[in-house]
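Asker: Mind looking over this structure? Questions follow.
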Amino acid sequence: MASQAGVGEDRNDQVYSWTLVTSQALDTAWRVAKGSVVLAVSFLVGTLCYLRRLHLYLGHRLKRWIGYLQRRFKRNLSVEAEVDLLSYCAREWKGETPHAKLMRKAYEELFWRRHIKCVRQVRRDNYDALRSVLFQIFSQGLSFPSWMKEKDIAKLPEKLLFSQGCNWIQQYSFGPEKYTGSNVFGKLRKCVELLKAQWTEFSGIKDYHKRGSMCNILFSDATLEYKLYEALKFIMLYQVTEAYEQMKTGKVIPSLFRLLFTRETSSDPLSFMMNHLNSVGDTCGLDQIDMFVLGHSLGVKIKVFRLFRFNSRDFEVCYPEESPGEWPEVSLLTENDRHYHIPVF
């Protein structure tokens with residue numbers, strides 16, 4: 001009996017020992033597993049937090065970069081995309097002043113009666129009249145006027161300087177650059193050559209959308225733009241000089257040139273250049289008589305809606321009023337006769 005009791009106690013001790021060892025092993029394994037799980041969860045949480053911060057940081061940087069590109073693109077694009085005419089009016093002309101009410105009525109007239117649904121905003125500077133006209137000539141793919149087809153316009157600076165003895169051309173000023181000197185002739189020739197090349201290219205493109213894409217590229221390059229505008233100014237000067245020489249020989253000239261030469265500040269080509277053209281692009285834009293000269297020089301009829309003259313006979317004017325034959329038409333709108341935008345029918 002005593003021996004059997006001892007054997008039972010030994011077995012109980014062994015079971016207890018195995019139970020204790022197993023319990024300790026399981027406890028140790030659980031602690032190890034728990035620690036691993038906690039470590040893994042902590043690592044995962046830390047990784048997620050890092051990725052979230054990285055995402056926020058990259059999103060912020062990307063947003064700033066996109067904003068920078070948008071601002072830069074918008075700043076460089078001198079003729080903006082079409083926007084709804086009435087929406088533009090509502091944004092620009094709030095309030096109940098008499099002038100604001102007049103402008104809203106003028107825009108409503110354009111929208112409902114003249115079928116102008118959109119507008120292209122043009123950069124406000126002292127080239128915007130030239131920019132608005134040239135953009136439409138290129139975007140419409142208009143061809144050279146008849147007189148340009150008969151002459152190589154790239155040689156006009158040379159003709160004016162040498163054939164007609166206009167040495168005063170060296171006083172020509174390139175807008176805000178205010179450049180004058182012995183190299184005026186060379187600079188003018190490069191400007192006119194660029195105008196000829198660009199005009200030839202655009203007039204040869206039949207696809208409207210392709211012309212539009214190329215206009216967006218060209219009219220976001222300020223350096224090329226200004227050369228084109230200086231070329232237009234020179235073309236105007238050449239036409240004024242031609243009309244002046246014809247007038248001196250007793251030939252009949254268009255009435256707009258006679259009106260131009262009656263002004264004390266433009267009684268001849270030199271005074272026209274010094275008192276008017278040299279300031280265009282720098283301190284002022286084109287005035288009304290200059291718009292007549294521009295339209296005549298480029299062989300286009302420039303129709304201008306003068307919104308501040310709404311309900312008067314001067315609300316819609318054309319430069320020139322009469323043209324020899326069917327000239328193509330471009331349209332502008334202005335709120336003050338100083339800055340111009342492009343209406344879209």
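Convention: chains lettered A, B, ... in structure tokens order; per-chain residue numbering from 1; ligands numbered from 1 as shown.
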Which residues are near Lys187 (chain A)? Cut-off 12 Å, only C-alpha atoms, ignore same chain within fewer than 2 positions. Put them as a PyMOL selection string.
Answerer: chain A and resi 154+157-158+169-170+172-174+177+179-185+189-194+226-228+230-231+234
Asker: With only C-alpha atoms as the counted atoms, please give the residues lying no more than 12 Å from Glu326 (chain A), apart from itself and same-chain residues fewer than 3 positions off, as a ChimeraX atom specification.
Answerer: /A:145-146,299-301,322-323,329
Asker: Kindly export the residues of the current selection with all heavy atoms, as a tab-separated table (two decimals), in the first residue's frame.
Answerer:
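And here's part.tsv as it stands now:
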chain	number	residue	atom	x	y	z
A	145	PRO	N	-3.01	90.87	-97.91
A	145	PRO	CA	-3.77	91.81	-98.76
A	145	PRO	C	-3.13	91.91	-100.14
A	145	PRO	O	-1.95	91.57	-100.32
A	145	PRO	CB	-3.69	93.12	-97.99
A	145	PRO	CG	-2.49	92.99	-97.11
A	145	PRO	CD	-2.39	91.55	-96.77
A	146	SER	N	-3.87	92.39	-101.10
A	146	SER	CA	-3.40	92.39	-102.49
A	146	SER	C	-2.10	93.15	-102.68
A	146	SER	O	-1.21	92.70	-103.42
A	146	SER	CB	-4.49	92.98	-103.39
A	146	SER	OG	-4.83	94.30	-102.96
A	299	GLY	N	-5.43	95.31	-95.03
A	299	GLY	CA	-6.48	94.86	-95.93
A	299	GLY	C	-7.62	94.16	-95.23
A	299	GLY	O	-8.19	93.20	-95.75
A	300	VAL	N	-7.96	94.61	-94.02
A	300	VAL	CA	-9.08	94.04	-93.27
A	300	VAL	C	-9.96	95.17	-92.77
A	300	VAL	O	-9.50	96.29	-92.54
A	300	VAL	CB	-8.61	93.17	-92.07
A	300	VAL	CG1	-7.85	91.96	-92.54
A	300	VAL	CG2	-7.79	94.01	-91.09
A	301	LYS	N	-11.25	94.87	-92.62
A	301	LYS	CA	-12.17	95.81	-92.01
A	301	LYS	C	-12.27	95.45	-90.53
A	301	LYS	O	-12.66	94.34	-90.17
A	301	LYS	CB	-13.55	95.74	-92.66
A	301	LYS	CG	-14.56	96.73	-92.08
A	301	LYS	CD	-15.87	96.68	-92.83
A	301	LYS	CE	-15.74	97.30	-94.21
A	301	LYS	NZ	-17.06	97.44	-94.88
A	322	GLU	N	-15.09	102.48	-95.39
A	322	GLU	CA	-15.28	102.01	-96.75
A	322	GLU	C	-13.99	101.33	-97.21
A	322	GLU	O	-12.89	101.79	-96.91
A	322	GLU	CB	-15.62	103.17	-97.69
A	322	GLU	CG	-16.92	103.88	-97.31
A	322	GLU	CD	-17.21	105.05	-98.24
A	322	GLU	OE1	-16.37	105.32	-99.12
A	322	GLU	OE2	-18.27	105.68	-98.07
A	323	SER	N	-14.15	100.25	-97.94
A	323	SER	CA	-12.98	99.51	-98.42
A	323	SER	C	-13.15	99.22	-99.91
A	323	SER	O	-14.26	99.00	-100.38
A	323	SER	CB	-12.81	98.20	-97.65
A	323	SER	OG	-13.98	97.41	-97.77
A	329	GLU	N	-13.25	90.58	-92.48
A	329	GLU	CA	-13.60	91.37	-91.30
A	329	GLU	C	-13.11	90.71	-90.03
A	329	GLU	O	-13.21	89.49	-89.87
A	329	GLU	CB	-15.12	91.56	-91.25
A	329	GLU	CG	-15.61	92.45	-90.13
A	329	GLU	CD	-17.12	92.66	-90.20
A	329	GLU	OE1	-17.55	93.46	-91.06
A	329	GLU	OE2	-17.83	92.00	-89.43
Asker: Name the closest residue to Ser266 (chain A) among the candidates A:Leu237, A:Lys94, A:Met247, A:Ile153; distances are taken between atoms, counting only C-alpha atoms.
Answerer: A:Leu237
Asker: Go ahead and compute the interatomic distance for CA of Thr241 (chain A) and CA of Phe202 (chain A), in Å to one decimal.
Answerer: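 CA of Phe202 (chain A) lies at a distance of 28.0 Å from CA of Thr241 (chain A).
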